[in-house]
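Here the structure comes first, spelled out in structure tokens, and everything after it is commentary.
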Amino acid sequence: MISFDFSACRVAMLAEIGDVLNQAKDQELACFAGEILAARRVFLAGAGRSGLAMRMLACRLSQAGLVAHFVGDATTPACGAGDLLLAGSASGSTRTLLVAVEQAKKAKARVLAITGSAKSLLAKKADKTTVLRGNARIKSKQPMGSLFEQSLVMAGDMIANAVICGLGLEETDLRARHANLE
């Protein structure tokens, strides 16, 4: 049996995520929710574990009745004017995301970014950016980018909750759109 202090780990992880989310700017998250509500369609992008977090947000927005697509999926259509690209990246330098941002801008879509670096190329190219200060500013006890990725999931859920509230939806409305072919 492995000797590991799960209780101490749990406390440390929750404290770290709390620190990151407490540094997030509520007005920026509210602005992101407003931009999502105003968009014709929402495209979400991210790579690796950040991509999984963005997929979770795409899922929740779809359950809220919005047209949401994850960039790179076979069924993702072309984006254009009136659409929104929301990209998530800790470094803000992921090449595939930067290409997607350039393509979205060319197509006249708005671009929002959630990143761990305000000085990143992604932050500079986006119309609006919010920064989650993951591992870059907080000495994390977690491996690699875990703190940013977990905080991205939580920030995405906060944005989704604001969208759901803005639409006046109840949980039953979301459940009606939940996958039923499982």
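Lettering and numbering for the structure tokens are positional, with chains as A, B, ... in the shown order, residues counted from 1 in each chain, and ligands counted from 1 in the shown order.
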
Please identify which residues in stretch 7-182 of chain A DSSP calls strand (DSSP E or B) from the backbone, and express them as a count of residues only.
24

Apply DSSP to the backbone of this structure and, from stretch 16-79 of chain A, keep only the residues in alpha helix (DSSP H); write these as a short mmCIF file (atom, residue, chain, number, x, y, z; two decimals) with N, CA and C atoms, in the first residue's frame.
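Produced file states_34.cif, reproduced below:
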data_model
loop_
_atom_site.label_atom_id
_atom_site.label_comp_id
_atom_site.auth_asym_id
_atom_site.auth_seq_id
_atom_site.Cartn_x
_atom_site.Cartn_y
_atom_site.Cartn_z
N GLU A 16 -5.09 26.08 -3.22
CA GLU A 16 -4.47 26.64 -4.42
C GLU A 16 -5.52 27.08 -5.44
N ILE A 17 -6.50 26.22 -5.70
CA ILE A 17 -7.55 26.56 -6.65
C ILE A 17 -8.33 27.78 -6.15
N GLY A 18 -8.61 27.82 -4.85
CA GLY A 18 -9.28 28.97 -4.27
C GLY A 18 -8.49 30.25 -4.46
N ASP A 19 -7.17 30.18 -4.28
CA ASP A 19 -6.32 31.36 -4.50
C ASP A 19 -6.42 31.86 -5.93
N VAL A 20 -6.37 30.95 -6.89
CA VAL A 20 -6.46 31.34 -8.30
C VAL A 20 -7.82 31.97 -8.59
N LEU A 21 -8.90 31.33 -8.17
CA LEU A 21 -10.23 31.84 -8.46
C LEU A 21 -10.51 33.15 -7.73
N ASN A 22 -9.94 33.33 -6.55
CA ASN A 22 -10.11 34.59 -5.84
C ASN A 22 -9.40 35.74 -6.53
N GLN A 23 -8.36 35.43 -7.33
CA GLN A 23 -7.66 36.46 -8.08
C GLN A 23 -8.34 36.77 -9.42
N ASP A 26 -14.11 39.24 -11.42
CA ASP A 26 -15.52 38.93 -11.65
C ASP A 26 -16.07 39.67 -12.86
N GLN A 27 -15.68 40.95 -13.04
CA GLN A 27 -16.22 41.72 -14.16
C GLN A 27 -15.76 41.14 -15.51
N GLU A 28 -14.55 40.57 -15.55
CA GLU A 28 -14.10 39.94 -16.79
C GLU A 28 -14.88 38.66 -17.07
N LEU A 29 -15.12 37.85 -16.04
CA LEU A 29 -15.91 36.63 -16.22
C LEU A 29 -17.34 36.97 -16.63
N ALA A 30 -17.90 38.02 -16.04
CA ALA A 30 -19.25 38.47 -16.41
C ALA A 30 -19.28 38.96 -17.86
N CYS A 31 -18.24 39.65 -18.26
CA CYS A 31 -18.13 40.11 -19.64
C CYS A 31 -18.08 38.93 -20.60
N PHE A 32 -17.32 37.90 -20.24
CA PHE A 32 -17.25 36.70 -21.07
C PHE A 32 -18.63 36.06 -21.21
N ALA A 33 -19.36 35.97 -20.12
CA ALA A 33 -20.71 35.40 -20.16
C ALA A 33 -21.60 36.23 -21.09
N GLY A 34 -21.50 37.54 -21.00
CA GLY A 34 -22.28 38.42 -21.86
C GLY A 34 -21.91 38.25 -23.33
N GLU A 35 -20.63 38.11 -23.61
CA GLU A 35 -20.18 37.89 -25.00
C GLU A 35 -20.71 36.57 -25.54
N ILE A 36 -20.72 35.56 -24.70
CA ILE A 36 -21.26 34.25 -25.11
C ILE A 36 -22.73 34.37 -25.43
N LEU A 37 -23.47 35.06 -24.58
CA LEU A 37 -24.91 35.23 -24.80
C LEU A 37 -25.20 36.03 -26.07
N ALA A 38 -24.33 36.95 -26.41
CA ALA A 38 -24.54 37.80 -27.59
C ALA A 38 -24.10 37.15 -28.90
N GLY A 48 -4.55 19.68 -25.12
CA GLY A 48 -4.23 18.87 -23.96
C GLY A 48 -5.31 18.93 -22.89
N ARG A 49 -4.88 19.02 -21.64
CA ARG A 49 -5.83 19.05 -20.53
C ARG A 49 -6.63 20.35 -20.52
N SER A 50 -6.05 21.44 -20.99
CA SER A 50 -6.82 22.69 -21.12
C SER A 50 -7.92 22.50 -22.15
N GLY A 51 -7.63 21.74 -23.19
CA GLY A 51 -8.65 21.42 -24.19
C GLY A 51 -9.80 20.64 -23.59
N LEU A 52 -9.49 19.72 -22.68
CA LEU A 52 -10.56 18.96 -22.01
C LEU A 52 -11.43 19.90 -21.18
N ALA A 53 -10.82 20.86 -20.52
CA ALA A 53 -11.59 21.84 -19.74
C ALA A 53 -12.50 22.66 -20.65
N MET A 54 -11.99 23.03 -21.82
CA MET A 54 -12.80 23.82 -22.76
C MET A 54 -13.92 22.97 -23.37
N ARG A 55 -13.67 21.68 -23.55
CA ARG A 55 -14.73 20.77 -24.00
C ARG A 55 -15.86 20.71 -22.98
N MET A 56 -15.48 20.72 -21.71
CA MET A 56 -16.50 20.69 -20.65
C MET A 56 -17.39 21.94 -20.74
N LEU A 57 -16.78 23.09 -21.01
CA LEU A 57 -17.56 24.32 -21.15
C LEU A 57 -18.44 24.25 -22.39
N ALA A 58 -17.92 23.73 -23.49
CA ALA A 58 -18.72 23.57 -24.71
C ALA A 58 -19.95 22.71 -24.44
N CYS A 59 -19.74 21.64 -23.69
CA CYS A 59 -20.85 20.74 -23.33
C CYS A 59 -21.92 21.48 -22.55
N ARG A 60 -21.51 22.22 -21.54
CA ARG A 60 -22.48 22.93 -20.69
C ARG A 60 -23.22 24.01 -21.49
N LEU A 61 -22.52 24.72 -22.37
CA LEU A 61 -23.18 25.75 -23.19
C LEU A 61 -24.20 25.11 -24.13
N SER A 62 -23.85 23.95 -24.67
CA SER A 62 -24.77 23.22 -25.54
C SER A 62 -26.01 22.79 -24.75
N GLN A 63 -25.81 22.32 -23.53
CA GLN A 63 -26.94 21.92 -22.69
C GLN A 63 -27.81 23.13 -22.32
#

If you count only C-alpha atoms, the residue of A:Ala87, A:Ala24, A:Leu112, A:Ala176 closest to A:Ala64 turns out to be A:Ala176

Residue with smallest distance to A:Ser146 - pool A:Ala90, A:Glu182, A:Leu167, A:Val67, counting only C-alpha atoms:
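Nearest to A:Ser146: A:Ala90.
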
Which of A:Lys105, A:Lys119, A:Lys139, A:Arg41 sits closest to A:Leu84 [using only C-alpha atoms]
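Under the stated criterion, the closest residue is A:Arg41.
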
Go through A:Lys141, A:Arg10, A:Lys25, A:Lys128 and flag the residue nearest A:Arg110, using only C-alpha atoms for the distances.
A:Lys128

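If you measure from each of A:Val71, A:Ala155, A:Ala47, A:Ala123 to A:Gln103 using only C-alpha atoms, the closest one turns out to be A:Val71.
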
Which one of A:Lys125, A:Pro77, A:Ala160, A:Gly145 sits closest to A:Leu174 if you count only C-alpha atoms?
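Nearest to A:Leu174: A:Ala160.
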
Quick one: everything within 10 Å of A:Glu102, counting only C-alpha atoms, minus sequence neighbours fewer than 5 positions away in the same chain. Send it as a count of residues only.
8
